[in-house]
Amino acid sequence: MSESSAEAVVAATANAAGAAGAAGWRRAGIAGAAIGVLAAGAAAGVAVERLTVGRGMRKKARLALDATGPYGSLRGTPGRAVADDGTELYYEVDEVEAAPATADESASSGTRRRRLFGRKAPAPVTVVFSHGYCLGQDSWHFQRAALRGLVRAVYWDQRSHGRSERGRSQADGVPVGIDQLGRDLKAVIDAAAPEGPVVLAGHSMGGMTMMALADQYPALIRDRVAAVALIGTSSGKLGEVNFGLPVAGVNAVRRVLPGVLKALGSQAELVEKGRRATADLFAGLIKRYSFGSRDVDPAVARFAERLIEATPIDVVAEFYPAFTEHDKSGALPGFRDVPVLILAGDKDLVTPSSHSEAIADVLPDAELVIVPDAGHLVMLEHPETVTDRLADLLVRSGTVPAANVGGHGSTAQQPGR
């Protein structure tokens with residue numbers, strides 16, 4: 001794509017944000033599609049012919065998945081944490097299933113524990129999962145299915161995402177930043193896991209949130225964190241990512257993108273209708289920027305669409321600038337004393353695997369896993385690999401017994417079980 005054509009694409013998107021009437025709705029469709037790329041963590045400029053491949057199959061997959069809704073159906077005990085600006089953050093807890101006790105154990109062990117110690121058993125390890133930009137806690141569906149009942153886990157929706165409240169500071173015009181997300185995570189830990197060891201797992205923006213937590217609360221990391229998993233994330237320099245576009249096209253998009261985002265965010269209702277009207281185009285964009293392999297399960301691809309579609313356009317626009325400012329490489333040494341998993345897809349166009357390798361350079365004792373034929377949503381595209389490495393991390397940190405995680409979240413299993 002040439003620089004002039006890239007500017008034309010983005011300019012058309014900007015014009016669509018303020019359009020009205022029949023022609024305006026058509027241009028709004030273009031705007032909706034363009035912001036859909038951003039929602040997947042990319043930029044405008046994908047060739048149209050690549051978006052129409054498999055159109056009929058994607059449509060059938062959308063209809064089938066919308067009718068049955070098997071993915072993202074796992075639920076836990078709900079709770080709400082309150083951020084420092086008053087925003088309510090929604091989370092769910094999956095508790096450990098207690099092993100059945102014999103009559104003798106029930107009669108004697110419990111009594112002896114009360115008699116000798118006079119207090120309840122130590123708090124269990126809690127794994128806290130933080131999701132990525134324009135996603136939600138359900139993006140961990142396969143890992144949740146595999147770990148359910150085996151380990152205490154907390155899944156939360158970042159502010160303005162999922163079931164969490166729209167950021168109150170942002171409603172007052174305060175820009176959202178990664179530091180705010182780190183404070184949000186602290187609030188969730190305080191509410192959902194106030195005691196005991198914690199394992200932190202984060203994808204993309206969720207990993208950045210964990211870095212912000214480490215930067216602002218080093219004592220928490222030192223005293224309570226037992227292990228860390230950083231999946232498809234970055235410690236900084238995201239402004240240099242080219243999203244698989246030619247240099248000229250990237251430069252053009254970057255020049256006009258701030259104005260386009262501002263325009264789209266101010267015309268959210270119009271753009272949302274346009275985005276819904278161009279669902280098939282949107283599906284092609286998400287597939288390109290979310291997955292690296294050609295044979296992604298259509299139902300999984302549709303699940304990714306649903307997650308991203310659920311994020312309002314103005315939230316997409318609101319969060320995007322925070323990533324160019326993100327730089328938490330200085331916080332990474334806080335993770336040096338615990339087991340760390342760093343995992344990325346080798347075809348990730350959003351947070352390229354080179355960013356994971358840069359994190360591994362700072363954390364040389366960490367396990368670095370680059371997954372072949374995997375894109376940005378590696379935990380959905382290759383759930384068995386991600387869950388296998390997470391399970392190994394939990395074993396290494398003493399969180400779960402060895403060989404205790406079954407199925408590894410395979411897409412071939414019943415997804416809602």
# chains A, B, ... in the order shown; residues from 1 in each chain; ligands from 1
>>> residues_around(residues="Val93 of chain A", least_positions_apart="3", cutoff="12 Å", atoms="only C-alpha atoms", output="PyMOL selection string")
chain A and resi 74-80+90+96+126-129+137+144+148-149+151-156+188-189+191-193
>>> residues_around(residues="segment 195-210 of chain A", least_positions_apart="4", cutoff="7 Å", atoms="only C-alpha atoms", output="list in words")
Ala123, Pro124, Val125, Thr126, Val127, Val128, Phe129, Ser130, His131, Gly132, Tyr133, Ile178, Leu181, Gly182, Ala214, Arg224, Val225, Ala226, Ala227, Val228, Ala229, Leu230, Ile231, Gly232, Thr233, Ser234 and Ser235 of chain A
>>> atom_distance(atom1="atom CA of Ala146 of chain A", atom2="atom CA of Pro383 of chain A")
9.7 Å
>>> closest_residue(among="A:Ser329, A:Ser353, A:Thr399, A:Thr385", to="Ile370 of chain A", atoms="only C-alpha atoms")
A:Ser353
>>> closest_atom_pairs(of="segment 133-172 of chain A", to="segment 298-311 of chain A", cutoff="9 Å", atoms="only C-alpha atoms", output="Markdown table")
| residue | atom | partner | partner_atom | distance |
| --- | --- | --- | --- | --- |
| A:Tyr133 | CA | A:Ile308 | CA | 8.6 |
| A:Cys134 | CA | A:Ile308 | CA | 5.2 |
| A:Leu135 | CA | A:Leu307 | CA | 5.3 |
| A:Gly136 | CA | A:Leu307 | CA | 6.7 |
| A:Asp138 | CA | A:Leu307 | CA | 7.9 |
| A:Ser139 | CA | A:Leu307 | CA | 7.5 |
| A:Ser160 | CA | A:Thr311 | CA | 8.1 |
| A:His161 | CA | A:Thr311 | CA | 6.3 |
| A:Gly162 | CA | A:Ala310 | CA | 7.4 |
>>> residues_around(residues="Asp348 of chain A", least_positions_apart="5", cutoff="10 Å", atoms="only C-alpha atoms", output="PyMOL selection string")
chain A and resi 232+243-244+288-292+353-354+371+373-378
>>> atom_distance(atom1="atom CA of Thr87 of chain A", atom2="atom CA of Asp223 of chain A")
26.8 Å
